[in-house]
Amino acid sequence: MQYSPPTSLDGRVAVVTGGARGIGFETTKAFLENGAKVVIVDIDMENGHATSKELGVEFIHGDVTDAKFVAKVATDVQERYGRIDVAFNNAGIECRRRALDWRVPRIAAVDPDEISKIAGRRK
Ligand SMILES: NC(=O)c1ccc[n+]([C@@H]2O[C@H](COP(=O)([O-])OP(=O)(O)OC[C@H]3O[C@@H](n4cnc5c(N)ncnc54)[C@H](O)[C@@H]3O)[C@@H](O)[C@H]2O)c1
């Protein structure tokens with residue numbers, strides 16, 4: 001299978017929910033390393049501030065299950081940064097199914113060419 005070269009995130013603005021720790025924290029680091037500006041959103045005040053200080057990103061405290069809060073975050077970030085290019089909706093999603101329980105046809109149904117076409121639309 002052929003993969004496209006990694007896309008630079010130079011000048012892009014990313015919002016990472018659950019960015020205070022775990023997958024969100026590591027994704028935030030990866031986005032920063034690739035040139036993006038990142039805003040993290042998290043319910044955990046202590047880790048949020050610690051991550052903000054460690055990585056030099058803006059931290060917005062709140063609960064992403066509150067739709068009004070999420071809408072306000074989107075508006076505020078767009079006002080302050082002029083755009084949102086990436087929304088990594090990582091927080092507040094619970095996975096109740098074991099990975100091995102996913103049936104292969106569901107995974108195989110994802111067409112890599114379609115994904116490439118979609119990804120290629122944004123330069
Ligand atoms: N780690 C895994 O193996 C795995 C596997 C499948 C799915 N996931 C999912 O990926 C996501 C991240 O996983 P992780 O291991 O980094 O989890 P984690 O618990 O280490 O980090 C989750 C972060 O999200 C924040 N958060 C939780 N609920 C929130 C809310 N309502 N509003 C704002 N912030 C909230 C937490 O404070 C925390 O900082 C989770 O949704 C998890 O269910 C993880």
# chains A, B, ... in the order shown; residues from 1 in each chain; ligands from 1

$ closest_atom_pairs --of "chain A" --to "ligand 1" --cutoff "7 Å" --atoms "only C-alpha atoms and all ligand atoms" --output "CSV"
residue,atom,partner,partner_atom_place_in_ligand_line,distance
A:Thr17,CA,ligand 1,34 (N),6.0
A:Gly18,CA,ligand 1,24 (O),3.3
A:Gly19,CA,ligand 1,39 (O),5.9
A:Ala20,CA,ligand 1,39 (O),4.4
A:Arg21,CA,ligand 1,39 (O),4.6
A:Gly22,CA,ligand 1,16 (O),3.4
A:Ile23,CA,ligand 1,16 (O),3.6
A:Gly24,CA,ligand 1,16 (O),5.6
A:Val41,CA,ligand 1,33 (C),6.1
A:Asp42,CA,ligand 1,34 (N),3.6
A:Ile43,CA,ligand 1,33 (C),4.0
A:Asp44,CA,ligand 1,37 (O),4.4
A:Asn47,CA,ligand 1,39 (O),6.9
A:Gly62,CA,ligand 1,33 (C),5.7
A:Asp63,CA,ligand 1,32 (N),3.5
A:Val64,CA,ligand 1,32 (N),4.0
A:Thr65,CA,ligand 1,31 (N),5.1
A:Asn90,CA,ligand 1,11 (C),4.9
A:Ala91,CA,ligand 1,24 (O),4.1
A:Gly92,CA,ligand 1,28 (N),3.9
A:Ile93,CA,ligand 1,41 (O),3.8
A:Glu94,CA,ligand 1,43 (O),4.0
A:Cys95,CA,ligand 1,43 (O),5.0

$ residues_around --residues "A:Ala74" --least-positions-apart "3" --cutoff "10 Å" --atoms "only C-alpha atoms" --output "PyMOL selection string"
chain A and resi 15+68-71+77-79+83-84+87

$ write_last_selection --atoms "C-alpha atoms" --output "PDB file, in the first residue's frame"
ATOM      1  CA  VAL A  15      -8.046  21.952  19.001  1.00  0.00           C
ATOM      2  CA  LYS A  68     -22.915  25.012  24.662  1.00  0.00           C
ATOM      3  CA  PHE A  69     -19.387  24.982  26.061  1.00  0.00           C
ATOM      4  CA  VAL A  70     -18.065  23.233  22.939  1.00  0.00           C
ATOM      5  CA  ALA A  71     -19.793  25.757  20.672  1.00  0.00           C
ATOM      6  CA  VAL A  77     -10.734  29.835  19.140  1.00  0.00           C
ATOM      7  CA  GLN A  78     -11.805  30.961  15.680  1.00  0.00           C
ATOM      8  CA  GLU A  79     -11.994  34.562  16.872  1.00  0.00           C
ATOM      9  CA  ARG A  83      -9.386  29.509  11.984  1.00  0.00           C
ATOM     10  CA  ILE A  84      -9.668  25.905  13.165  1.00  0.00           C
ATOM     11  CA  ALA A  87     -10.484  19.228  15.737  1.00  0.00           C
TER      12      ALA A  87
END

$ closest_residue --among "A:Thr75, A:Asn34, A:Thr7, A:Thr28" --to "A:Gly56" --atoms "only C-alpha atoms"
A:Thr28

$ residues_around --residues "A:Val39" --least-positions-apart "2" --cutoff "8 Å" --atoms "only C-alpha atoms" --output "ChimeraX atom specification"
/A:13-16,37,41,57-60,77

$ atom_distance --atom1 "atom CA of A:Gly82" --atom2 "atom CA of A:Ala36"
13.4 Å

$ closest_residue --among "A:Gly11, A:Asn89, A:Ile40, A:Gly35" --to "A:His61" --atoms "only C-alpha atoms"
A:Ile40
